[in-house]
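What follows is the content of structure.cif, which has mmCIF, C-alpha atoms:
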data_protein
#
loop_
_atom_site.group_PDB
_atom_site.id
_atom_site.type_symbol
_atom_site.label_atom_id
_atom_site.label_comp_id
_atom_site.auth_asym_id
_atom_site.auth_seq_id
_atom_site.Cartn_x
_atom_site.Cartn_y
_atom_site.Cartn_z
ATOM 1 C CA MET A 267 -3.146 62.503 -4.118
ATOM 2 C CA SER A 268 -1.356 65.904 -4.280
ATOM 3 C CA GLU A 269 -1.173 67.954 -7.461
ATOM 4 C CA GLY A 270 1.472 70.364 -6.113
ATOM 5 C CA LEU A 271 2.019 73.171 -3.653
ATOM 6 C CA GLU A 272 -0.503 75.984 -4.158
ATOM 7 C CA THR A 273 -0.417 78.328 -1.156
ATOM 8 C CA ILE A 274 1.869 79.160 1.737
ATOM 9 C CA THR A 275 0.164 81.093 4.521
ATOM 10 C CA TYR A 276 2.069 83.007 7.192
ATOM 11 C CA PRO A 277 0.440 83.960 10.494
ATOM 12 C CA VAL A 278 1.286 87.626 11.133
ATOM 13 C CA LYS A 279 0.721 89.971 14.052
ATOM 14 C CA ASP A 280 1.219 93.263 12.169
ATOM 15 C CA LEU A 281 -0.511 92.914 8.808
ATOM 16 C CA ALA A 282 0.620 96.312 7.471
ATOM 17 C CA ALA A 283 4.276 95.655 8.302
ATOM 18 C CA ALA A 284 4.150 92.130 6.869
ATOM 19 C CA LYS A 285 2.465 93.410 3.697
ATOM 20 C CA ALA A 286 5.186 96.036 3.222
ATOM 21 C CA LEU A 287 7.949 93.487 3.812
ATOM 22 C CA PHE A 288 6.547 90.855 1.419
ATOM 23 C CA SER A 289 5.779 93.506 -1.230
ATOM 24 C CA LYS A 290 9.473 94.463 -1.179
ATOM 25 C CA LEU A 291 10.673 90.853 -1.053
ATOM 26 C CA LEU A 292 8.476 89.687 -3.939
ATOM 27 C CA GLY A 293 8.559 92.904 -5.975
ATOM 28 C CA VAL A 294 4.772 92.850 -6.479
ATOM 29 C CA GLU A 295 1.703 94.305 -4.845
ATOM 30 C CA PRO A 296 -0.898 91.947 -3.351
ATOM 31 C CA TYR A 297 -3.688 90.668 -5.604
ATOM 32 C CA MET A 298 -5.949 90.497 -2.535
ATOM 33 C CA ASP A 299 -5.753 93.049 0.254
ATOM 34 C CA GLU A 300 -8.392 92.596 2.949
ATOM 35 C CA PRO A 301 -8.255 93.073 6.742
ATOM 36 C CA TYR A 302 -8.550 89.286 7.197
ATOM 37 C CA TYR A 303 -6.046 88.168 4.490
ATOM 38 C CA VAL A 304 -3.450 89.603 2.125
ATOM 39 C CA GLY A 305 -2.478 87.448 -0.854
ATOM 40 C CA PHE A 306 0.424 87.640 -3.304
ATOM 41 C CA GLN A 307 1.209 85.645 -6.463
ATOM 42 C CA ALA A 308 4.893 84.706 -6.667
ATOM 43 C CA GLY A 309 6.493 82.036 -8.814
ATOM 44 C CA GLY A 310 3.206 80.248 -9.430
ATOM 45 C CA VAL A 311 2.453 79.966 -5.701
ATOM 46 C CA ASP A 312 0.059 82.028 -3.610
ATOM 47 C CA LEU A 313 1.660 83.562 -0.541
ATOM 48 C CA GLY A 314 -0.871 84.592 2.094
ATOM 49 C CA LEU A 315 -0.639 86.698 5.232
ATOM 50 C CA ASP A 316 -3.178 85.766 7.915
ATOM 51 C CA PRO A 317 -3.563 88.245 10.796
ATOM 52 C CA ASN A 318 -5.744 85.686 12.623
ATOM 53 C CA GLY A 319 -3.291 82.809 12.208
ATOM 54 C CA HIS A 320 -1.780 82.995 15.676
ATOM 55 C CA ARG A 321 -5.263 82.991 17.208
ATOM 56 C CA LYS A 322 -5.944 79.810 15.217
ATOM 57 C CA GLY A 323 -2.876 78.216 16.821
ATOM 58 C CA LEU A 324 -0.432 78.641 13.935
ATOM 59 C CA THR A 325 3.163 79.168 15.018
ATOM 60 C CA GLY A 326 4.702 79.373 11.545
ATOM 61 C CA PRO A 327 3.952 79.128 7.831
ATOM 62 C CA VAL A 328 1.623 76.421 6.503
ATOM 63 C CA GLY A 329 1.908 74.986 2.999
ATOM 64 C CA TYR A 330 -1.379 74.059 1.300
ATOM 65 C CA TRP A 331 -1.178 71.257 -1.275
ATOM 66 C CA ARG A 332 -3.579 71.323 -4.217
ATOM 67 C CA VAL A 333 -5.803 68.228 -4.356
ATOM 68 C CA GLU A 334 -8.538 67.195 -6.773
ATOM 69 C CA ASP A 335 -10.930 65.864 -4.140
ATOM 70 C CA ILE A 336 -10.468 67.366 -0.683
ATOM 71 C CA GLU A 337 -12.925 64.978 0.982
ATOM 72 C CA ARG A 338 -11.123 61.882 -0.333
ATOM 73 C CA SER A 339 -7.697 63.339 0.508
ATOM 74 C CA LEU A 340 -8.806 64.356 3.987
ATOM 75 C CA LYS A 341 -10.310 60.936 4.626
ATOM 76 C CA ALA A 342 -6.982 59.343 3.679
ATOM 77 C CA LEU A 343 -5.233 61.587 6.213
ATOM 78 C CA THR A 344 -7.753 61.301 9.075
ATOM 79 C CA ASP A 345 -5.442 59.140 11.163
ATOM 80 C CA ALA A 346 -2.823 61.899 10.944
ATOM 81 C CA GLY A 347 -5.058 64.317 12.899
ATOM 82 C CA ALA A 348 -7.336 65.863 10.286
ATOM 83 C CA GLU A 349 -9.238 69.011 11.124
ATOM 84 C CA THR A 350 -12.453 70.404 9.686
ATOM 85 C CA VAL A 351 -12.735 71.355 6.028
ATOM 86 C CA GLN A 352 -13.453 75.067 5.604
ATOM 87 C CA ASP A 353 -14.998 76.904 2.669
ATOM 88 C CA VAL A 354 -12.918 80.089 2.415
ATOM 89 C CA GLY A 355 -15.019 81.757 -0.268
ATOM 90 C CA GLY A 356 -15.434 81.573 -3.991
ATOM 91 C CA GLY A 357 -15.786 77.797 -3.825
ATOM 92 C CA LYS A 358 -12.214 77.300 -2.572
ATOM 93 C CA ARG A 359 -12.000 74.782 0.275
ATOM 94 C CA ILE A 360 -9.132 74.125 2.696
ATOM 95 C CA ALA A 361 -8.316 71.555 5.358
ATOM 96 C CA SER A 362 -5.298 70.835 7.512
ATOM 97 C CA VAL A 363 -3.736 67.831 9.205
ATOM 98 C CA LYS A 364 -0.746 67.448 11.477
ATOM 99 C CA ASP A 365 2.164 65.131 10.863
ATOM 100 C CA ALA A 366 3.657 62.899 13.576
ATOM 101 C CA ASP A 367 5.671 65.859 14.934
ATOM 102 C CA GLY A 368 2.670 68.190 15.085
ATOM 103 C CA ASN A 369 3.621 70.214 11.977
ATOM 104 C CA PRO A 370 0.631 71.444 9.978
ATOM 105 C CA ILE A 371 0.063 70.290 6.397
ATOM 106 C CA GLY A 372 -2.623 72.087 4.438
ATOM 107 C CA LEU A 373 -4.839 70.876 1.590
ATOM 108 C CA VAL A 374 -6.654 73.146 -0.853
ATOM 109 C CA GLN A 375 -9.294 72.327 -3.446
ATOM 110 C CA ALA A 376 -9.913 74.847 -6.190
ATOM 111 C CA PRO A 377 -13.500 75.780 -7.073
#
Can you present the structure in this file as structure tokens?
Amino acid sequence: MSEGLETITYPVKDLAAAKALFSKLLGVEPYMDEPYYVGFQAGGVDLGLDPNGHRKGLTGPVGYWRVEDIERSLKALTDAGAETVQDVGGGKRIASVKDADGNPIGLVQAP
């Protein structure tokens, strides 16, 4: 079902401070720098900073696994607590489920 890890998103309270820290850590500037999301490319994985993450209930980073068919993958995980699929722009779609311990697992489908 999964094709590999694509994105790790961190909920952050201070976007400017988090952006500065991750820029230093990764040694690159963000490829996307918007008030609602800052994204970096590092080692073939997207690393995202979400200033609205805590408001969405995130308490830590979420890994998003690349899938070919998000609807089929989400259906297979429905019993694990699936949430709504979201279109996040540019044809990219995400969904999340929770494992038995309540940890979030993200799915992402490329456009």
Counting all atoms listed in the file, which residue out of A:Val363, A:Leu313, A:Ile274, A:Ile371 sits closest to Leu291 (chain A)?
A:Leu313
For this file, the PyMOL selection byres ((chain A and resi 335) around 12) selects which residues, as a PyMOL selection string?
chain A and resi 267-269+331-334+336-342+351+358-361+373-377
Report, in Å with one decimal, the straight-line distance from CA of Gly293 (chain A) to CA of Pro370 (chain A).
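Between these atoms lies a distance of 27.9 Å.
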Between A:Thr344, A:Lys290, A:Gly314, A:Gly356, which one has atoms that come closest to Tyr330 (chain A), using only C-alpha atoms?
A:Gly314
Rounded to one decimal place, report the CA of Asp316 (chain A)-CA of Leu271 (chain A) distance in Å.
17.9 Å
I need the residue set behind the PyMOL selection byres ((chain A and resi 307-310) around 10) for this file; please write it as a PDB file with C-alpha atoms, in the frame of the given file.
ATOM      1  CA  LEU A 271       2.019  73.171  -3.653  1.00  0.00           C
ATOM      2  CA  GLU A 272      -0.503  75.984  -4.158  1.00  0.00           C
ATOM      3  CA  THR A 273      -0.417  78.328  -1.156  1.00  0.00           C
ATOM      4  CA  LEU A 292       8.476  89.687  -3.939  1.00  0.00           C
ATOM      5  CA  GLY A 293       8.559  92.904  -5.975  1.00  0.00           C
ATOM      6  CA  VAL A 294       4.772  92.850  -6.479  1.00  0.00           C
ATOM      7  CA  GLU A 295       1.703  94.305  -4.845  1.00  0.00           C
ATOM      8  CA  PRO A 296      -0.898  91.947  -3.351  1.00  0.00           C
ATOM      9  CA  TYR A 297      -3.688  90.668  -5.604  1.00  0.00           C
ATOM     10  CA  MET A 298      -5.949  90.497  -2.535  1.00  0.00           C
ATOM     11  CA  GLY A 305      -2.478  87.448  -0.854  1.00  0.00           C
ATOM     12  CA  PHE A 306       0.424  87.640  -3.304  1.00  0.00           C
ATOM     13  CA  VAL A 311       2.453  79.966  -5.701  1.00  0.00           C
ATOM     14  CA  ASP A 312       0.059  82.028  -3.610  1.00  0.00           C
ATOM     15  CA  LEU A 313       1.660  83.562  -0.541  1.00  0.00           C
ATOM     16  CA  GLY A 314      -0.871  84.592   2.094  1.00  0.00           C
TER      17      GLY A 314
END
Between CA of Phe288 (chain A) and CA of Leu324 (chain A), distance in Å (one decimal)
18.8 Å
